[in-house]
Structures are given as C-alpha cells and as structure tokens.
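The data block below is final_11.txt; it holds compact mmCIF, C-alpha atoms and all ligand atoms.
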```txt
# COMPACT_ATOMS: atom_id res chain seq x y z
CA MET A 1 -24.85 -17.20 -18.32
CA THR A 2 -22.88 -14.58 -20.20
CA GLN A 3 -21.77 -15.67 -23.66
CA THR A 4 -18.16 -15.07 -24.41
CA LYS A 5 -17.47 -13.97 -27.97
CA GLY A 6 -14.16 -14.72 -29.62
CA THR A 7 -11.18 -15.09 -27.33
CA LEU A 8 -11.70 -12.07 -25.10
CA TYR A 9 -10.88 -13.14 -21.57
CA LYS A 10 -13.69 -12.44 -19.14
CA GLY A 11 -12.46 -13.94 -15.94
CA ARG A 12 -15.31 -12.92 -13.64
CA GLU A 13 -14.44 -12.47 -9.93
CA GLY A 14 -10.84 -13.56 -10.31
CA MET A 15 -10.20 -11.02 -13.03
CA TRP A 16 -12.04 -8.11 -11.42
CA SER A 17 -10.32 -8.59 -8.08
CA TRP A 18 -7.01 -8.58 -9.97
CA VAL A 19 -7.94 -5.34 -11.76
CA GLY A 20 -8.97 -3.78 -8.45
CA HIS A 21 -5.79 -4.94 -6.74
CA ARG A 22 -3.64 -3.49 -9.52
CA ILE A 23 -5.40 -0.10 -9.63
CA THR A 24 -5.36 0.34 -5.85
CA GLY A 25 -1.68 -0.72 -5.71
CA VAL A 26 -0.70 1.94 -8.26
CA GLY A 27 -2.81 4.59 -6.53
CA ILE A 28 -1.28 3.89 -3.12
CA PHE A 29 2.22 3.94 -4.61
CA PHE A 30 1.77 7.45 -6.03
CA PHE A 31 0.15 8.66 -2.81
CA LEU A 32 3.16 7.38 -0.87
CA LEU A 33 5.61 9.28 -3.11
CA VAL A 34 3.76 12.52 -2.35
CA HIS A 35 3.26 11.60 1.32
CA VAL A 36 6.99 11.15 2.00
CA LEU A 37 7.64 14.47 0.26
CA ASP A 38 5.03 16.32 2.35
CA THR A 39 6.32 14.69 5.57
CA SER A 40 9.86 15.77 4.67
CA LEU A 41 8.73 19.39 5.07
CA VAL A 42 9.27 18.94 8.83
CA ARG A 43 12.94 19.41 7.92
CA VAL A 44 12.20 22.69 6.13
CA SER A 45 10.24 24.49 8.85
CA PRO A 46 7.25 23.93 11.16
CA GLU A 47 5.32 26.59 9.20
CA ALA A 48 5.93 24.88 5.86
CA TYR A 49 4.81 21.52 7.25
CA ASP A 50 1.71 22.90 8.99
CA ALA A 51 0.68 24.85 5.88
CA VAL A 52 0.86 21.85 3.57
CA ILE A 53 -0.58 19.35 6.07
CA GLY A 54 -3.40 21.87 6.62
CA ALA A 55 -4.64 20.90 3.17
CA TYR A 56 -5.50 17.45 4.54
CA LYS A 57 -8.09 19.14 6.80
CA ASN A 58 -10.08 20.60 3.92
CA PRO A 59 -13.52 18.99 3.28
CA ILE A 60 -12.52 17.94 -0.23
CA MET A 61 -9.41 16.24 1.09
CA ILE A 62 -11.51 14.51 3.76
CA VAL A 63 -13.38 12.81 0.93
CA GLY A 64 -10.01 12.00 -0.66
CA GLU A 65 -8.80 10.43 2.59
CA ILE A 66 -11.86 8.20 2.70
CA GLY A 67 -11.07 7.16 -0.87
CA LEU A 68 -7.43 6.50 0.00
CA VAL A 69 -8.32 4.43 3.04
CA GLY A 70 -10.89 2.57 0.93
CA ALA A 71 -8.15 1.68 -1.55
CA ILE A 72 -5.73 0.60 1.20
CA VAL A 73 -8.32 -1.52 3.00
CA PHE A 74 -9.33 -3.29 -0.22
CA HIS A 75 -5.71 -3.87 -1.27
CA ALA A 76 -4.82 -5.13 2.22
CA PHE A 77 -7.75 -7.54 2.61
CA ASN A 78 -7.55 -8.77 -0.97
CA GLY A 79 -3.76 -9.12 -0.55
CA LEU A 80 -4.35 -11.41 2.41
CA ARG A 81 -6.80 -13.36 0.24
CA ILE A 82 -4.13 -13.75 -2.46
CA ILE A 83 -1.70 -15.02 0.19
CA LEU A 84 -4.29 -17.56 1.35
CA VAL A 85 -4.97 -18.68 -2.22
CA ASP A 86 -1.23 -19.28 -2.63
CA PHE A 87 -0.38 -20.95 0.65
CA TRP A 88 -3.53 -22.49 2.12
CA SER A 89 -4.23 -25.97 0.74
CA GLN A 90 -7.93 -25.14 0.26
CA GLY A 91 -7.18 -21.64 -1.04
CA THR A 92 -7.97 -22.14 -4.72
CA ARG A 93 -11.19 -23.95 -3.90
CA TYR A 94 -12.54 -21.12 -1.74
CA HIS A 95 -11.05 -18.11 -3.57
CA ARG A 96 -14.49 -16.86 -4.60
CA GLN A 97 -16.03 -17.17 -1.14
CA MET A 98 -12.97 -15.42 0.24
CA LEU A 99 -13.51 -12.54 -2.19
CA TRP A 100 -17.04 -12.06 -0.87
CA THR A 101 -15.64 -12.14 2.65
CA VAL A 102 -13.14 -9.45 1.61
CA MET A 103 -15.95 -7.31 0.21
CA GLY A 104 -18.06 -7.79 3.34
CA LEU A 105 -15.20 -6.88 5.67
CA TRP A 106 -14.40 -3.93 3.42
CA VAL A 107 -17.93 -2.55 3.72
CA ILE A 108 -17.95 -2.95 7.52
CA THR A 109 -14.49 -1.39 7.94
CA MET A 110 -15.34 1.50 5.64
CA ILE A 111 -18.63 2.29 7.39
CA GLY A 112 -16.77 2.40 10.71
CA PHE A 113 -13.89 4.46 9.35
CA THR A 114 -16.07 6.92 7.44
CA VAL A 115 -18.36 7.64 10.39
CA ARG A 116 -15.45 8.14 12.79
CA HIS A 117 -13.42 10.24 10.35
CA LEU A 118 -16.37 12.51 9.52
CA MET A 119 -17.31 12.95 13.17
CA LEU A 120 -13.78 13.91 14.19
CA PHE A 121 -13.54 16.20 11.20
CA LEU A 122 -16.80 18.02 11.98
CA ASP A 123 -15.85 18.32 15.66
CA GLY A 124 -12.75 20.34 14.99
CA TRP A 125 -13.80 22.09 11.81
CA GLY A 126 -13.84 25.88 11.85
CA GLY A 127 -16.07 26.23 8.77
CA PHE A 128 -15.11 27.72 5.43
CA MET B 1 -25.65 -25.21 -18.05
CA THR B 2 -25.58 -28.90 -17.23
CA THR B 3 -22.26 -29.32 -15.43
CA THR B 4 -22.53 -28.83 -11.71
CA LYS B 5 -20.40 -26.13 -10.24
CA SER B 6 -18.13 -28.30 -8.15
CA ASP B 7 -17.36 -30.79 -10.94
CA ALA B 8 -16.40 -28.14 -13.40
CA LEU B 9 -14.15 -26.22 -11.08
CA LEU B 10 -12.17 -28.91 -9.28
CA PRO B 11 -8.61 -29.24 -10.54
CA ALA B 12 -8.12 -32.28 -12.76
CA GLN B 13 -6.41 -35.17 -11.09
CA GLY B 14 -3.96 -37.67 -12.47
CA ILE B 15 -3.51 -35.75 -15.71
CA GLU B 16 -0.05 -34.78 -16.81
CA ALA B 17 0.69 -31.07 -16.94
CA PRO B 18 0.56 -29.66 -20.48
CA ARG B 19 3.72 -30.22 -22.51
CA SER B 20 5.31 -32.28 -19.71
CA GLY B 21 8.79 -33.36 -20.58
CA ARG B 22 9.26 -31.09 -23.53
CA ILE B 23 9.78 -27.75 -21.90
CA ASP B 24 12.89 -25.73 -22.53
CA PRO B 25 14.93 -26.00 -19.29
CA LYS B 26 15.04 -22.21 -18.95
CA TYR B 27 11.28 -22.20 -18.31
CA LEU B 28 11.39 -24.89 -15.66
CA ARG B 29 10.59 -23.86 -12.12
CA SER B 30 13.02 -26.36 -10.61
CA GLY B 31 16.74 -25.87 -11.03
CA SER B 32 18.18 -22.44 -10.50
CA SER B 33 18.55 -19.96 -13.27
CA LYS B 34 19.62 -16.56 -12.00
CA SER B 35 16.55 -14.55 -12.91
CA GLY B 36 14.36 -17.41 -11.72
CA SER B 37 15.65 -17.20 -8.18
CA PHE B 38 15.35 -13.41 -8.15
CA GLU B 39 11.73 -13.57 -9.30
CA MET B 40 11.04 -16.25 -6.72
CA ALA B 41 12.52 -14.09 -3.96
CA ALA B 42 10.49 -11.11 -5.20
CA TRP B 43 7.33 -13.21 -5.16
CA VAL B 44 7.95 -14.32 -1.57
CA PHE B 45 8.87 -10.75 -0.57
CA MET B 46 5.55 -9.41 -1.92
CA ARG B 47 3.69 -11.78 0.39
CA VAL B 48 5.83 -11.36 3.49
CA SER B 49 5.98 -7.57 3.20
CA GLY B 50 2.25 -7.42 2.42
CA ALA B 51 1.38 -9.27 5.60
CA ALA B 52 3.63 -6.98 7.68
CA LEU B 53 2.27 -3.85 5.98
CA VAL B 54 -1.29 -4.65 7.02
CA VAL B 55 -0.27 -4.22 10.67
CA LEU B 56 2.11 -1.30 10.07
CA ILE B 57 -0.34 0.75 7.99
CA PHE B 58 -3.51 -0.03 9.96
CA VAL B 59 -1.83 1.09 13.19
CA HIS B 60 -0.43 4.20 11.42
CA LEU B 61 -3.91 5.15 10.22
CA THR B 62 -5.56 4.40 13.58
CA VAL B 63 -3.08 6.43 15.62
CA ASN B 64 -3.06 9.38 13.19
CA LEU B 65 -6.73 9.52 12.14
CA LEU B 66 -9.00 7.64 14.53
CA VAL B 67 -7.83 8.49 18.05
CA GLY B 68 -7.51 11.86 19.79
CA GLU B 69 -8.67 14.69 17.57
CA GLY B 70 -8.11 12.71 14.38
CA ILE B 71 -7.02 14.65 11.33
CA HIS B 72 -7.02 17.99 13.18
CA GLN B 73 -4.28 16.89 15.58
CA ILE B 74 -1.70 16.53 12.83
CA ASP B 75 0.87 19.29 12.82
CA PHE B 76 4.59 19.78 13.43
CA GLY B 77 4.21 19.24 17.19
CA PHE B 78 2.36 15.96 16.61
CA VAL B 79 5.16 14.58 14.44
CA ALA B 80 7.75 15.80 16.96
CA GLY B 81 5.86 14.03 19.76
CA LYS B 82 5.78 10.77 17.85
CA TRP B 83 9.37 10.77 16.67
CA ALA B 84 10.60 11.54 20.20
CA ASN B 85 9.76 7.87 20.74
CA PRO B 86 12.21 5.42 19.11
CA VAL B 87 9.38 2.91 18.67
CA TRP B 88 7.59 5.24 16.25
CA GLN B 89 10.85 6.10 14.50
CA PHE B 90 11.46 2.41 13.92
CA TRP B 91 7.80 1.88 12.97
CA ASP B 92 7.86 4.57 10.29
CA LEU B 93 11.27 3.45 9.04
CA THR B 94 10.07 -0.13 8.56
CA MET B 95 6.84 1.03 6.96
CA LEU B 96 8.75 3.35 4.60
CA TRP B 97 11.18 0.67 3.40
CA LEU B 98 8.67 -2.16 3.10
CA ALA B 99 5.96 -0.07 1.41
CA MET B 100 8.39 1.49 -1.10
CA LEU B 101 10.05 -1.81 -1.98
CA HIS B 102 6.71 -3.65 -2.17
CA GLY B 103 5.07 -0.88 -4.20
CA GLY B 104 8.20 -0.46 -6.34
CA ASN B 105 8.36 -4.16 -7.14
CA GLY B 106 4.63 -4.16 -7.93
CA MET B 107 5.14 -1.24 -10.32
CA ARG B 108 8.02 -3.13 -11.97
CA THR B 109 5.67 -6.04 -12.66
CA ILE B 110 3.10 -3.68 -14.16
CA ILE B 111 5.68 -1.96 -16.40
CA ASN B 112 6.88 -5.37 -17.59
CA ASP B 113 3.27 -6.25 -18.41
CA TYR B 114 2.33 -3.20 -20.44
CA ALA B 115 5.47 -1.60 -21.88
CA GLU B 116 6.22 -3.78 -24.87
CA LYS B 117 9.06 -1.84 -26.47
CA ASP B 118 12.44 -2.59 -24.92
CA SER B 119 13.46 1.05 -24.79
CA THR B 120 10.17 2.20 -23.21
CA ARG B 121 10.43 -0.51 -20.60
CA MET B 122 14.01 0.41 -19.85
CA TRP B 123 13.16 4.08 -19.45
CA LEU B 124 10.12 3.55 -17.27
CA LYS B 125 12.01 1.17 -15.01
CA SER B 126 14.95 3.56 -14.69
CA ILE B 127 12.60 6.33 -13.61
CA LEU B 128 10.89 3.93 -11.20
CA TYR B 129 14.14 2.74 -9.58
CA LEU B 130 15.41 6.28 -9.27
CA SER B 131 12.19 7.47 -7.55
CA VAL B 132 12.19 4.52 -5.17
CA ILE B 133 15.80 5.19 -4.15
CA VAL B 134 15.27 8.95 -3.76
CA ILE B 135 12.14 8.50 -1.62
CA ILE B 136 13.67 5.81 0.61
CA VAL B 137 16.83 7.85 1.19
CA LEU B 138 14.88 11.07 1.78
CA GLY B 139 12.36 9.46 4.13
CA THR B 140 15.11 7.73 6.11
CA MET B 141 17.13 10.93 6.48
CA VAL B 142 14.04 12.86 7.57
CA ILE B 143 13.37 10.40 10.40
CA PHE B 144 16.95 10.43 11.67
CA THR B 145 17.85 14.10 11.26
CA PHE B 146 14.56 15.44 12.60
CA GLU B 147 15.00 18.25 15.15
CA PRO B 148 11.88 18.86 17.30
CA CYS B 149 13.00 21.84 19.39
CA LEU B 150 13.75 24.68 16.99
CA LEU B 151 14.87 28.15 18.11
CA ASP B 152 14.09 31.45 16.43
CA GLY B 153 16.65 34.16 15.67
CA SER B 154 16.76 35.41 19.26
CA GLY B 155 17.23 31.95 20.74
CA GLN B 156 13.61 31.53 21.88
CA LEU B 157 11.80 28.23 21.37
CA LEU B 158 9.43 28.37 18.43
CA GLU B 159 5.75 28.36 19.34
CA SER B 160 5.14 25.19 17.37
CA SER B 161 7.61 23.24 19.52
CA PRO B 162 6.11 20.37 21.48
CA SER B 163 5.86 20.91 25.24
CA PHE B 164 8.72 18.55 26.15
CA CYS B 165 11.14 21.08 24.61
CA GLN B 166 10.73 23.28 27.73
CA ASN B 167 12.65 20.73 29.77
CA VAL B 168 15.77 20.49 27.63
C1 LIG A 201 -4.69 10.20 5.22
C2 LIG A 201 -3.94 9.25 5.72
C3 LIG A 201 -2.60 9.50 6.35
C4 LIG A 201 -2.21 10.49 7.21
C5 LIG A 201 -3.05 11.63 7.77
C6 LIG A 201 -0.81 10.26 7.53
C7 LIG A 201 -0.04 11.06 8.38
C8 LIG A 201 1.30 10.90 8.62
C9 LIG A 201 2.07 11.69 9.55
C10 LIG A 201 1.50 12.79 10.44
C11 LIG A 201 3.35 11.26 9.49
C12 LIG A 201 4.52 11.78 10.34
C13 LIG A 201 5.07 10.75 11.30
C14 LIG A 201 4.05 9.89 11.99
O1 LIG A 201 2.94 10.37 12.33
O2 LIG A 201 4.34 8.70 12.21
C15 LIG A 201 3.42 10.20 8.50
C16 LIG A 201 4.55 9.53 8.14
C17 LIG A 201 4.57 8.43 7.28
N1 LIG A 201 3.48 7.83 6.70
FE1 LIG A 201 1.56 8.47 6.80
N2 LIG A 201 -0.39 9.15 6.86
C18 LIG A 201 -1.43 8.66 6.13
C19 LIG A 201 -1.41 7.53 5.32
C20 LIG A 201 -0.31 6.75 5.06
C21 LIG A 201 -0.32 5.57 4.23
C22 LIG A 201 -1.53 5.01 3.53
C23 LIG A 201 0.97 5.09 4.23
C24 LIG A 201 1.53 3.86 3.55
C25 LIG A 201 1.29 3.50 2.34
C26 LIG A 201 1.77 5.99 5.03
C27 LIG A 201 3.13 5.86 5.23
C28 LIG A 201 3.91 6.75 5.95
C29 LIG A 201 5.37 6.67 6.04
C30 LIG A 201 6.26 5.64 5.35
C31 LIG A 201 5.78 7.73 6.88
C32 LIG A 201 7.23 8.09 7.25
C33 LIG A 201 7.70 9.16 6.29
C34 LIG A 201 9.16 9.52 6.41
O3 LIG A 201 10.00 8.64 6.68
O4 LIG A 201 9.51 10.70 6.20
N3 LIG A 201 0.95 6.98 5.54
N4 LIG A 201 2.15 10.00 7.99
C1 LIG A 202 -1.65 -3.19 3.25
C2 LIG A 202 -0.96 -4.29 3.09
C3 LIG A 202 -0.64 -4.87 1.73
C4 LIG A 202 -0.85 -6.17 1.37
C5 LIG A 202 -1.43 -7.31 2.22
C6 LIG A 202 -0.41 -6.29 -0.01
C7 LIG A 202 -0.40 -7.48 -0.73
C8 LIG A 202 -0.05 -7.60 -2.04
C9 LIG A 202 0.04 -8.84 -2.77
C10 LIG A 202 -0.20 -10.24 -2.17
C11 LIG A 202 0.36 -8.55 -4.05
C12 LIG A 202 0.45 -9.53 -5.21
C13 LIG A 202 1.87 -9.82 -5.60
C14 LIG A 202 1.92 -10.81 -6.75
O1 LIG A 202 0.97 -10.91 -7.52
O2 LIG A 202 2.96 -11.48 -6.84
C15 LIG A 202 0.48 -7.11 -4.15
C16 LIG A 202 0.77 -6.41 -5.31
C17 LIG A 202 0.97 -5.05 -5.36
N1 LIG A 202 0.98 -4.16 -4.29
FE1 LIG A 202 0.50 -4.61 -2.40
N2 LIG A 202 0.03 -5.06 -0.46
C18 LIG A 202 -0.08 -4.17 0.58
C19 LIG A 202 0.30 -2.84 0.55
C20 LIG A 202 0.74 -2.14 -0.57
C21 LIG A 202 1.21 -0.77 -0.60
C22 LIG A 202 1.35 0.15 0.62
C23 LIG A 202 1.50 -0.46 -1.91
C24 LIG A 202 2.04 0.84 -2.50
C25 LIG A 202 3.03 1.51 -1.98
C26 LIG A 202 1.22 -1.65 -2.70
C27 LIG A 202 1.38 -1.74 -4.07
C28 LIG A 202 1.25 -2.89 -4.80
C29 LIG A 202 1.40 -2.98 -6.25
C30 LIG A 202 1.72 -1.81 -7.18
C31 LIG A 202 1.24 -4.33 -6.59
C32 LIG A 202 1.30 -4.95 -8.01
C33 LIG A 202 -0.07 -5.24 -8.52
C34 LIG A 202 -0.08 -6.12 -9.75
O3 LIG A 202 0.95 -6.68 -10.15
O4 LIG A 202 -1.18 -6.24 -10.33
N3 LIG A 202 0.76 -2.64 -1.86
N4 LIG A 202 0.23 -6.55 -2.89
```
I'd like the structure from this file rewritten - as structure tokens, please.
Ligand code: HEM
Ligand code: HEM
Amino acid sequence: MTQTKGTLYKGREGMWSWVGHRITGVGIFFFLLVHVLDTSLVRVSPEAYDAVIGAYKNPIMIVGEIGLVGAIVFHAFNGLRIILVDFWSQGTRYHRQMLWTVMGLWVITMIGFTVRHLMLFLDGWGGF
Amino acid sequence: MTTTKSDALLPAQGIEAPRSGRIDPKYLRSGSSKSGSFEMAAWVFMRVSGAALVVLIFVHLTVNLLVGEGIHQIDFGFVAGKWANPVWQFWDLTMLWLAMLHGGNGMRTIINDYAEKDSTRMWLKSILYLSVIVIIVLGTMVIFTFEPCLLDGSGQLLESSPSFCQNV
C-alpha cells in the first residue's frame, strides 16, 4: 500500500479519472472553437475551405485525429460512468469496476477506430 | 492492511451527516437560494447534454471519418451534400449548441476552481462567455446561410459544386 505523507490528497482511481476527464474536456473545447472556425470557411469560398480542410489529410494530422478521438471517447465513456455514479443506486459501490469497464471499452473502440482510420487514410493518400 | 475492502468502503449507516443542524442556511441544499437553483440546473444540464452528445458526436465521427472514403471525402462538396438535408442541418445545430454550452459550462467550473483572484476570475469568465456566444452565433449562421451552388464571374457553376446543383 502506498503511504500518504502529510495531507496531500492521493485519490487513486477516482482522482485520476477526474484529472483525465478535466484535461480531455478542456482539449475538446479548444478543438471545437477551431473546428467551428474552419467549418465557417464554407461561407468564404470553396477553395478556402478545401485548402484548410486539406490539412486534416496530412499524416501528422491523422495522428492528431486519433488523439482527438481518443480524448472524446474517454470523455464520453467516463462521462456516462459519472452519470451512473450519480443516478444509479449502486453507482458509488461499483464506480471502480465501471472505470475499468470504461478503460476496456476505450481500448477496444480505439483499436477499431485507429485501424479503420489508418486504412482509409492510406487508401486515398497520394504520398508526400 | 487488516480491514477488508468491502467493510472499509461501504458508506456509514445511521450516522448523522457532519455538522447536522448547525449549517448556515445559505449552504443548505434544500430551500431555494438563487445561485443554488442555477447551479443545480447547470449540474443537470451537464448530464443531460452529455448523454445526448455521445450519440450526436459518435454519429458525426462515424459518418465523416469511418464510412465512404473517410477523411479524404471531406471537402466543400461533401458539406454541401450533407447540409442539403435538413436532418443534418438540425443535427449539426443541436451538436453545436449542446457542445458549446456543455463545454462552456465545464470551463466555467474550471476557472472557478483555479482562478483565485476576483479580477482574474472575472476576466477569464468574460473572455469565455464572449467566445461561447461568438462561436454559437457564427456556427448557427453558417448552417443557415450556407449556399451550395456558387457561380463564377461568368455565371458558370463552380467546379466544386455538388452534382445536385446541375438540376436547379
Ligand atoms: C477529426 C474529426 C472531425 C472531422 C473530420 C469533422 C468534420 C466536420 C465537417 C466536414 C463538418 C461540416 C458539416 C458536417 O459534415 O456535418 C463539421 C461540422 C461540425 N462539427 Fe465536426 N468533425 C470532427 C470532429 C468533431 C467533434 C469532435 C465535434 C464536437 C465536439 C464536432 C462538432 C461539429 C459541429 C458543432 C459542426 C457544425 C459547425 C457549424 O455549425 O458551423 N466535430 N465537422
Ligand atoms: C461525448 C459526450 C460527453 C459526455 C457524456 C460528457 C459528460 C460530462 C460530464 C458528466 C461532466 C461532469 C460534470 C460535473 O462534474 O458536474 C462533464 C464535464 C465537462 N465536459 Fe463533458 N461530456 C461530453 C462531451 C463534451 C464536449 C464535446 C466538451 C467540449 C466541448 C466537453 C467538455 C467538458 C468540460 C470542460 C467539463 C468540465 C470538467 C471538470 O469540471 O473537471 N464535454 N462532461
């Protein structure tokens, strides 16, 4: 067992899932600000929109998209866990098991997404 | 460690809540102070909007990234094709409003947590509210004023126009 020194709060799973939820929430928020701005280029001109959206098809951005989707999927599944903890009568008792379920579903979802996204990307990629 | 897991973690039963009966009424959860009912509504909204956003965003990502040609299909014509359908207009509108209000309220909580000086907190929240309003208004206007079939100087359809423009 880890010894806790002084009064530093080390809340184990409950605390780390909260940290993760907070960081992903902030990240998605800033992505969305930029995303609405880039989508609004459809009102400027088709060329402007296609040029900027073209950046999303760059290999580096493909990695970024996997990261973004990873953040969304964690925030979404963990958000549902928070809702269950709050509203389901057994929620507080099983919060830890539910976190492991969230992590398991996250891994499965991300393997599926990553494989599909990379395959589609490589299919249509014209090279550097 | 001698205590068994289940004993140690079960909520205590039959024990009065700490400081029962001597809590300043403004901290009580019952009764209705003004800010109390706003925070309560915000708390419920975070959960209701979160549940809806799971469906809205997962479908958005599936349709845009996982079917057809995935990321390569996204261009002006793709957006035009989607927004020709009122269902997708409504979908994006709902997603825009819920995600910005949910994210904005979450950011408000975080600012309240970390910005300890009154003036810093006030400034950060003003910037936050302004950005949320600007993005919601901009995103809403983009959906409703979008024009898919654009003409060039000589009145010809632009090449990037989706195919249904030929028929109008
Ligand atoms: C890499 C991932 C993403 C891609 C490639 C993408 C692509 C697009 C595209 C092509 C549009 C134009 C309209 C449409 O297709 O419905 C759009 C609009 C939109 N997307 Fe995404 N999206 C992504 C992720 C997200 C995420 C994670 C969110 C939510 C947090 C989101 C929220 C929105 C909203 C609110 C609109 C409407 C914008 C407006 O009103 O102007 N998107 N997105
Ligand atoms: C995908 C579906 C989503 C679900 C199920 C969900 C669920 C939740 C829940 C239950 C909370 C906790 C609220 C509380 O503690 O009172 C929360 C917080 C938060 N969410 Fe979401 N959310 C989702 C999408 C989003 C999106 C798209 C954004 C960004 C635009 C976002 C940003 C945030 C932020 C910044 C917080 C505050 C975190 C904190 O206080 O530590 N969420 N979310």
- Query: Within 8 Å of ligand LIG 201 (chain A), counting all atoms listed in the file: which residues, as a PyMOL selection string?
  - Reply: (chain A and resi 28-29+31-32+35-37+39-40+56+65-66+68-69+72) or (chain B and resi 57+60-61+63-65+71+74-75+78-79+82-83+88-89+91-97+99-100+136+138-143)
- Task: Could you please tell me, as number ranges by chain, which residues of chain B have an atom within 8 Å of chain A when using only C-alpha atoms?
- Result: B: 10, 47, 50-51, 54, 65-66, 69-72, 74-76, 100, 103-104, 106-107, 135, 138-139, 142, 145-147, 160
Enclose all atoms of ligand LIG 202 (chain A) listed in the file in an axis-aligned box, grow every side by 5 Å, and hand back centre and edge lengths in Å to one decimal, as lines of an AutoDock Vina configuration file.
```
center_x = 0.7
center_y = -5.0
center_z = -3.5
size_x = 14.7
size_y = 23.0
size_z = 23.6
```
- Record the distance separating atom CA of Gly14 of chain A and atom CA of Arg96 of chain A, expressed in Å with one decimal. 7.5 Å
- Near-Val107 of chain A list (12 Å; all atoms listed in the file; drop same-chain fewer than 4 positions) as a list in words: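 Within the cut-off, the hits are Val69, Gly70, Ala71, Val73, Phe74, Phe77, Trp100, Thr101, Val102, Met103, Ile111, Gly112, Phe113 and Thr114 of chain A.
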- Query: How many Å separate atom C31 of ligand LIG 202 (chain A) from atom CA of Ile108 of chain A?
  - Reply: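 Atom-to-atom, atom C31 of ligand LIG 202 (chain A) and atom CA of Ile108 of chain A are spaced 23.9 Å apart.
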- Query: Could you work out how far atom CA of Asp38 of chain A lies from atom CA of Ser163 of chain B, giving the answer in Å with one decimal?
  - Reply: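 Computing the Euclidean distance for atom CA of Ser163 of chain B and atom CA of Asp38 of chain A yields 23.4 Å.
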- Task: Please work out which residues fall within 10 Å of (10.4, 22.2, 23.7), coordinates as given in the file, with all atoms listed in the file counting, and return them as a PyMOL selection string.
- Result: chain B and resi 77+80+148-151+157-168
- Message: So, with all atoms listed in the file as the atoms that count, which of B:Met122, B:Ala41, B:Ile15, B:Ile127 lies closest to ligand LIG 202 (chain A)?
- Response: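 Residue with the minimum atom-to-atom distance to ligand LIG 202 (chain A): B:Ala41.
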- Of the candidates B:His102, B:Val59, B:Gly36, B:Gly155, which one gets nearest to ligand LIG 202 (chain A) if we count only C-alpha atoms and all ligand atoms? B:His102
- Of the candidates B:Gly153, B:Arg108, B:Val134, B:Asp118, which one gets nearest to Ala42 of chain B if we count only C-alpha atoms?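 The answer is B:Arg108, which sits nearest to Ala42 of chain B.
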- Rank nothing, just name the residue among B:Gln156, B:Thr120, B:Thr109, B:Ser126 nearest to ligand LIG 202 (chain A), using all atoms listed in the file. B:Thr109
Any chance you could turn segment 83-96 of chain A into a file with N, CA and C atoms, as a short mmCIF file (atom, residue, chain, number, x, y, z; two decimals), in the first residue's frame?
```
data_model
loop_
_atom_site.label_atom_id
_atom_site.label_comp_id
_atom_site.auth_asym_id
_atom_site.auth_seq_id
_atom_site.Cartn_x
_atom_site.Cartn_y
_atom_site.Cartn_z
N ILE A 83 -22.39 9.77 -14.80
CA ILE A 83 -23.86 9.85 -14.74
C ILE A 83 -24.40 8.64 -13.96
N LEU A 84 -23.82 7.47 -14.22
CA LEU A 84 -24.26 6.28 -13.48
C LEU A 84 -23.93 6.38 -11.99
N VAL A 85 -22.75 6.90 -11.68
CA VAL A 85 -22.39 7.06 -10.27
C VAL A 85 -23.43 7.96 -9.59
N ASP A 86 -23.87 9.01 -10.30
CA ASP A 86 -24.81 9.96 -9.70
C ASP A 86 -26.22 9.43 -9.59
N PHE A 87 -26.68 8.69 -10.58
CA PHE A 87 -28.10 8.36 -10.63
C PHE A 87 -28.44 6.91 -10.34
N TRP A 88 -27.50 6.00 -10.51
CA TRP A 88 -27.80 4.58 -10.30
C TRP A 88 -27.57 4.29 -8.83
N SER A 89 -28.52 3.58 -8.20
CA SER A 89 -28.43 3.38 -6.75
C SER A 89 -27.15 2.63 -6.36
N GLN A 90 -26.63 1.77 -7.24
CA GLN A 90 -25.41 1.04 -6.91
C GLN A 90 -24.15 1.72 -7.45
N GLY A 91 -24.36 2.94 -8.00
CA GLY A 91 -23.27 3.61 -8.72
C GLY A 91 -22.00 3.81 -7.90
N THR A 92 -22.14 4.33 -6.68
CA THR A 92 -20.93 4.61 -5.90
C THR A 92 -20.22 3.32 -5.52
N ARG A 93 -21.00 2.24 -5.33
CA ARG A 93 -20.37 0.99 -4.94
C ARG A 93 -19.50 0.42 -6.07
N TYR A 94 -19.97 0.60 -7.32
CA TYR A 94 -19.25 -0.02 -8.43
C TYR A 94 -18.44 0.97 -9.27
N HIS A 95 -18.18 2.19 -8.72
CA HIS A 95 -17.53 3.20 -9.57
C HIS A 95 -16.18 2.71 -10.09
N ARG A 96 -15.46 1.93 -9.27
CA ARG A 96 -14.13 1.49 -9.68
C ARG A 96 -14.22 0.43 -10.80
#
```
